[in-house]
Amino acid sequence: MSAASVFIVDDDPGVLEAVTAVLAGDGHHVAGAVDGPTALLAVLSDPPDLLVLDVNMPGLNGWELCDIVRRQAVTRDLPVLFLTGRGEVRDRITALQVGGSDHLTKPFRAEELRGKVRALTAGSRRKRFR
Amino acid sequence: MKSVPRGLLSSGLLLGGILLVVAAGGAAARDAPRLAAVAGGVVLLRGLFLVPGVERLFGDYATAADLGASLVLTLFALSLTGGLASDLYPVLLLEVVLARTGEGPAAGRFLALAATGGAAILAAPDLTAGAALTVGTALRLAWPAAVLLVLEAAGAGPVPKGAETAPPAASPPTPASVSEPAAPARDPGRELLHDLKSPLSVVRVYADLMTEAARRGEPLRPEHLESLSNEISLMEAIVGVTRPAAHAPGVRPARLPRTDLVKLLATLTGSYRDAHREKLRIEFVSDEESVIVVAEPVAVQRALRNVLDNAVKYTPSGGQIRIRVSTVARHVFVVVSDTGIGMTREEQNRAFEYAWRSEAARASGAEGRGFGLALVRELLEEQGGKISLLSEPGHGLEVTIMFPVPPEGTP
């Protein structure tokens, strides 16, 4: 499996650390932020291969962040994985509407996360979940 | 839809639609060149989007750009051929249908509707100038509007079951719905479950990692075990379970848990400062290099994080958060003051109730479930601490946390 750069945004540092432990263990380069504005600056200045987003965050929520990222030329095709406790149908639809590529509901398994990351970083083109 | 390029598909549909209109209206032979020019213009434009790189140039806005350019080109074709502006209607209707059923963003749909409105305005002089309102013209003008109304009405309905795997057919997210995740009626039990999902995820992930390491015959990593333990403590705190005594009843523990508040707050301040550098000035002041209290570090850290989260959440951009640690008369004080929205006296009295949020907090637009301060007080009181608030609305909040200084000789 080829190493990818993954940027994760979650206001819970515990989740940041756990996702980092899984993905860094697989050889990926992982960076993260606990709030949207910081993440946005980091992602636009150095776009990763995959953006992993929580939804409920102070300042700028995951949906808003994804919507902004989708409008920027440098990150338009960036795959976005929503990693959130909000797993209801309407939340998944909103994630889709703002340009999310895939969705993983908390609590999740390490292998599920790996599978999604593998699928989303396999191609350079953005994929939508359908 | 996947195998057919979008530009080609929409061109075909448009051309088909135009021919249908021509056939249905029994267009006279003299109309044919004009309609052919319109159709040709549209197809030409659509063809442009098949050129590699052009669609990519517009990205998600291909639909919107497509619509705008279609409109301009069609108008041009009409001006050359002297056609009625109302000829635009069927074309624009098809554009709207395409925008609604395709992957176009809200902007594309909005533009489509705006363009249709514009066409109606353009059509008005046709009607007034020559008093040429025949039944046929009226129908040509009316039917697309009727179809649009039906489409809009259908789009306003509830999202069908199974729609999670289908492209969005209706109700694009408005800025409001994106910025404010839908808030169901307040249900503390449900909110509690939601709060547990993140730590549960973390526990699940570390359990998986440890299982995988064990299968490979590798030793367990201490940092994974520590993280697992921290998250379990956090979940216990969230559900209000007191940590079970780690020692047998009646047996004095060898050593009570200790927390160095200066070290902990210096670390927390550093991470909050990094995370909110652009928005807030966060400073930490202590007269001493180390201030030890008898308390579980995980619980104290959780409580302080909650206090800092609130300060960050309710302090507008450009504000300041100040954290001070001092020891006065056998008591340690941690004071977190911010320049945020503050609270009224009545709100301060209710701030420690579960699932309660002040008016200003709700109006600020910041997300929250109102568990923060209630949880903080519970965590701190379990550890022998106390918390109090001092505030004036609009002039920030000062949170004071107090711990007793451990007596000398404390194990």
# chains A, B, ... in the order shown; residues from 1 in each chain; ligands from 1
call {"tool": "interface_residues", "arguments": {"of": "chain A", "to": "chain B", "cutoff": "6 Å", "atoms": "only C-alpha atoms", "output": "list in words"}}
result
Val15, Ala18, Trp63, Glu64, Gly85, Val89, Ile93, Lys106, Pro107, Phe108, Arg109, Ala110 and Arg130 of chain A
call {"tool": "residues_around", "arguments": {"residues": "segment 36-45 of chain A", "least_positions_apart": "2", "cutoff": "9 Å", "atoms": "only C-alpha atoms", "output": "JSON, numbers by chain"}}
result
{"A": [7, 8, 9, 10, 11, 32, 33, 34, 47, 48, 51, 57, 58, 59, 60, 61, 62, 64, 65, 68, 69, 72, 74, 75], "B": [274, 275, 276, 277, 278]}
call {"tool": "write_last_selection", "arguments": {"atoms": "N, CA and C atoms", "output": "short mmCIF file (atom, residue, chain, number, x, y, z; two decimals), in the first residue's frame"}}
result
data_model
loop_
_atom_site.label_atom_id
_atom_site.label_comp_id
_atom_site.auth_asym_id
_atom_site.auth_seq_id
_atom_site.Cartn_x
_atom_site.Cartn_y
_atom_site.Cartn_z
N PHE A 7 -4.98 14.54 6.27
CA PHE A 7 -5.16 15.62 7.25
C PHE A 7 -6.49 15.37 7.94
N ILE A 8 -6.45 15.30 9.27
CA ILE A 8 -7.68 15.03 10.02
C ILE A 8 -8.06 16.23 10.88
N VAL A 9 -9.35 16.54 10.90
CA VAL A 9 -9.85 17.66 11.70
C VAL A 9 -10.92 17.13 12.64
N ASP A 10 -10.66 17.21 13.94
CA ASP A 10 -11.64 16.77 14.93
C ASP A 10 -11.36 17.56 16.20
N ASP A 11 -12.43 18.08 16.83
CA ASP A 11 -12.18 18.89 18.02
C ASP A 11 -11.88 18.03 19.24
N GLY A 32 -2.98 17.06 11.64
CA GLY A 32 -4.35 17.31 12.08
C GLY A 32 -4.52 18.66 12.74
N ALA A 33 -5.78 18.99 12.98
CA ALA A 33 -6.12 20.23 13.68
C ALA A 33 -7.40 20.00 14.46
N VAL A 34 -7.59 20.82 15.51
CA VAL A 34 -8.79 20.64 16.34
C VAL A 34 -9.88 21.63 15.98
N PRO A 47 -2.07 20.97 0.22
CA PRO A 47 -3.18 20.01 0.11
C PRO A 47 -2.72 18.56 0.33
N PRO A 48 -3.42 17.86 1.22
CA PRO A 48 -3.07 16.45 1.46
C PRO A 48 -3.71 15.57 0.38
N LEU A 51 -8.68 14.35 3.13
CA LEU A 51 -9.09 15.18 4.27
C LEU A 51 -10.14 14.40 5.05
N MET A 57 -17.85 21.03 15.12
CA MET A 57 -16.62 21.64 15.60
C MET A 57 -16.87 23.12 15.82
N PRO A 58 -16.20 23.72 16.79
CA PRO A 58 -16.40 25.16 16.99
C PRO A 58 -15.79 25.96 15.84
N GLY A 59 -16.32 27.11 15.59
CA GLY A 59 -15.74 28.00 14.57
C GLY A 59 -16.28 27.74 13.18
N LEU A 60 -15.91 26.61 12.64
CA LEU A 60 -16.28 26.27 11.26
C LEU A 60 -16.57 24.78 11.30
N ASN A 61 -17.81 24.39 11.00
CA ASN A 61 -18.08 22.96 11.12
C ASN A 61 -17.60 22.21 9.87
N GLY A 62 -17.65 20.88 9.97
CA GLY A 62 -17.09 20.05 8.90
C GLY A 62 -17.78 20.26 7.56
N GLU A 64 -19.28 23.02 6.49
CA GLU A 64 -18.85 24.32 5.94
C GLU A 64 -17.44 24.21 5.37
N LEU A 65 -16.59 23.53 6.14
CA LEU A 65 -15.20 23.39 5.72
C LEU A 65 -15.13 22.66 4.37
N ILE A 68 -16.23 24.86 1.50
CA ILE A 68 -15.21 25.85 1.11
C ILE A 68 -14.08 25.16 0.32
N VAL A 69 -13.66 24.02 0.83
CA VAL A 69 -12.56 23.28 0.19
C VAL A 69 -12.93 22.92 -1.26
N GLN A 72 -12.27 25.68 -3.91
CA GLN A 72 -10.92 26.15 -4.19
C GLN A 72 -10.28 25.29 -5.28
N VAL A 74 -7.23 24.45 -5.81
CA VAL A 74 -6.19 23.50 -5.40
C VAL A 74 -6.76 22.29 -4.67
N THR A 75 -7.95 22.42 -4.13
CA THR A 75 -8.48 21.31 -3.33
C THR A 75 -9.81 20.78 -3.88
N ASP B 274 -2.01 27.33 19.76
CA ASP B 274 -1.70 26.91 18.39
C ASP B 274 -2.96 26.79 17.55
N ALA B 275 -4.01 26.22 18.19
CA ALA B 275 -5.23 25.96 17.43
C ALA B 275 -5.99 27.24 17.10
N HIS B 276 -5.86 28.27 17.93
CA HIS B 276 -6.69 29.47 17.74
C HIS B 276 -5.85 30.73 17.57
N ARG B 277 -4.64 30.53 17.10
CA ARG B 277 -3.69 31.63 16.99
C ARG B 277 -4.25 32.80 16.18
N GLU B 278 -4.97 32.50 15.12
CA GLU B 278 -5.46 33.55 14.23
C GLU B 278 -6.58 34.36 14.88
#
call {"tool": "select_by_dssp", "arguments": {"residues": "chain A", "states": "strand (DSSP E)", "output": "VMD selection string"}}
result
chain A and resid 5 to 9 29 to 33 50 to 53 80 to 84 102 to 105
call {"tool": "write_last_selection", "arguments": {"atoms": "C-alpha atoms", "output": "short mmCIF file (atom, residue, chain, number, x, y, z; two decimals), in the first residue's frame"}}
result
data_model
loop_
_atom_site.label_atom_id
_atom_site.label_comp_id
_atom_site.auth_asym_id
_atom_site.auth_seq_id
_atom_site.Cartn_x
_atom_site.Cartn_y
_atom_site.Cartn_z
CA SER A 5 -0.76 12.31 3.29
CA VAL A 6 -3.89 12.56 5.41
CA PHE A 7 -5.16 15.62 7.25
CA ILE A 8 -7.68 15.03 10.02
CA VAL A 9 -9.85 17.66 11.70
CA HIS A 29 1.78 10.87 6.81
CA VAL A 30 -0.83 12.26 9.18
CA ALA A 31 -1.37 15.84 10.29
CA GLY A 32 -4.35 17.31 12.08
CA ALA A 33 -6.12 20.23 13.68
CA LEU A 50 -7.18 12.94 1.86
CA LEU A 51 -9.09 15.18 4.27
CA VAL A 52 -10.88 13.51 7.20
CA LEU A 53 -13.52 15.73 8.81
CA VAL A 80 -13.08 14.16 1.86
CA LEU A 81 -14.05 11.49 4.38
CA PHE A 82 -16.58 12.51 7.02
CA LEU A 83 -15.82 10.83 10.34
CA THR A 84 -18.65 11.76 12.64
CA ASP A 102 -17.45 9.10 1.83
CA HIS A 103 -18.78 8.78 5.35
CA LEU A 104 -17.74 6.77 8.39
CA THR A 105 -19.90 6.88 11.50
#
call {"tool": "atom_distance", "arguments": {"atom1": "atom CA of Arg258 of chain B", "atom2": "atom CA of Pro297 of chain B"}}
result
6.7 Å
